[in-house]
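First up is the structure itself, then whatever we jot down about it.
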Amino acid sequence: MLQKIRLLVQGSLSFLLVTPLWADKPHPWQFGFQKSASSVMDKITSLHNILLIIIFSIAALVAFLLLFTIYRFRASKNPKPSTTSHNTMIEIIWTLIPVMILGVIAVPSFKLLHYMDKTNHAELTLKAIGHQWFWEYDYPEHNINFNSYIVPADQLKKGDLRLLETDQAVVLPIDTNIKILVTSTDVIHSWALPAYGIKQDAIPGRLRETWVRIHNTGTYYGQCSELCGQGHGFMPIKVQAVSKSDFQNWLASHKPKAEAKPTPAAPPPVTPAPTAKPQPAPEKK
Ligand SMILES: [Cu+2]
């Protein structure tokens, strides 16, 4: 129990700790979001904070009215209760005020949905393809393609995160508008990375789009977020965000490998099959 309380306090205060890398990761008993690493997540966090203020204000007002009513109209003070059951003005007010609150919430919410949808100025494309149970990544502009599998618990090195470590990380440059295309080859998966504010379903036969502009270098972790079968918990996402120059170096180190792929052999020349002589139709008896 004490251990749980310690983790709870540690987790909830973890956002105050300064880590050498800006990238965040999940913490035991964590409350709240991971530290934002993208412009989309910045906006999600601020909308969330506005909503928290609204929701707490409503809860406080309702709690106050409830307590006030219980106290003011208690049986000893108010032995003969009122039998009023309708009041048109009050009913109009308590319908209109929630509608106005929802309208106020809807405006920034739709704006954010539109902002998260796609970038008009993509500088790089990453395609994430879900498989049962691993992710395949494709950099269409650079001819790079690889699969990314989980590192099993018995092969983890010191400092590795259980269930989040992959054999090959996705490498992405910071301060770059990156278009992310998500699809799947079998069932519905979901490419989700909390620090970037991304959770995009990977649907077979469909190409979903989202985008990210990463602020800080570091290692970021995510997981498949759509129940996709027995290996659902074992297809993590690991992104290594690097500077633009490091990204160019990474591209250079990966390109020859990709280009050295054996080109498919030319198909053997097709020799025309000897045309069969037309057989005379069997005579009818
Ligand atoms: Cu899944």
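Naming scheme: A, B, ... for chains in displayed order of the structure tokens; residues 1 onward per chain; ligands 1 onward as shown.
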Task: Those in range 168-275 of chain A with strand (DSSP E) from DSSP, as a ChimeraX atom specification - done: /A:170-173,178-184,189-193,198-202,208-212,218-224,237-242
Open item on the list: List as a PyMOL selection string the protein and nucleic acid residues near Pro194 in chain A, meaning an atom at most 12 Å away when only C-alpha atoms are counted, but skip any in the same chain fewer than 5 places from it.
Closed with: chain A and resi 23-26+32-38+40-42+44-45+199-200+212+220-225+237-239
Open item on the list: Within 10 Å of ligand 1 (counting only C-alpha atoms and all ligand atoms), which residues show up? I'd like them as a PyMOL selection string.
Closed with: chain A and resi 130-134+187-191+201-202+223-236
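Look at range 112-129 of chain A: the protein and nucleic acid residues within 7 Å of it, using only C-alpha atoms and passing over chain neighbours fewer than 4 places away, are Val40, Pro108, Trp135, Glu136, Tyr137, Asp138, Tyr139, Pro140, Thr176, Asn177, Ile178, Lys179, Ile180, Leu181, Val182, Thr183, Ser184, Glu209, Thr210 and Trp211 of chain A.
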- [ ] Assign secondary structure with DSSP using the backbone only, and return the residues of range 53-168 of chain A in helix (DSSP H, G or I) as a PyMOL selection string.
- [x] chain A and resi 53-72+88-117+140-142+153-155
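For the residues A:Val62, A:Asn87, A:Ser39, A:Ser253, ranking by smallest atom-to-atom distance to Asn216 in chain A using only C-alpha atoms places A:Ser39 first.
Rounded to one decimal, CA of Pro173 in chain A and CA of Ile214 in chain A lie 7.5 Å from each other.
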Task: Coordinates-based distance that separates CA of Leu172 in chain A from CA of Val242 in chain A (Å, one decimal) - done: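 CA of Val242 in chain A sits 6.2 Å away from CA of Leu172 in chain A.
Nearest residue to Arg213 in chain A, choosing from A:Asp186, A:Gly197, A:Ile174, A:Asp246 and counting only C-alpha atoms: A:Ile174.
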TODO: Quick one: pull the distance between CA of Val104 in chain A and CA of Tyr196 in chain A, Å, one decimal.
DONE: 25.5 Å
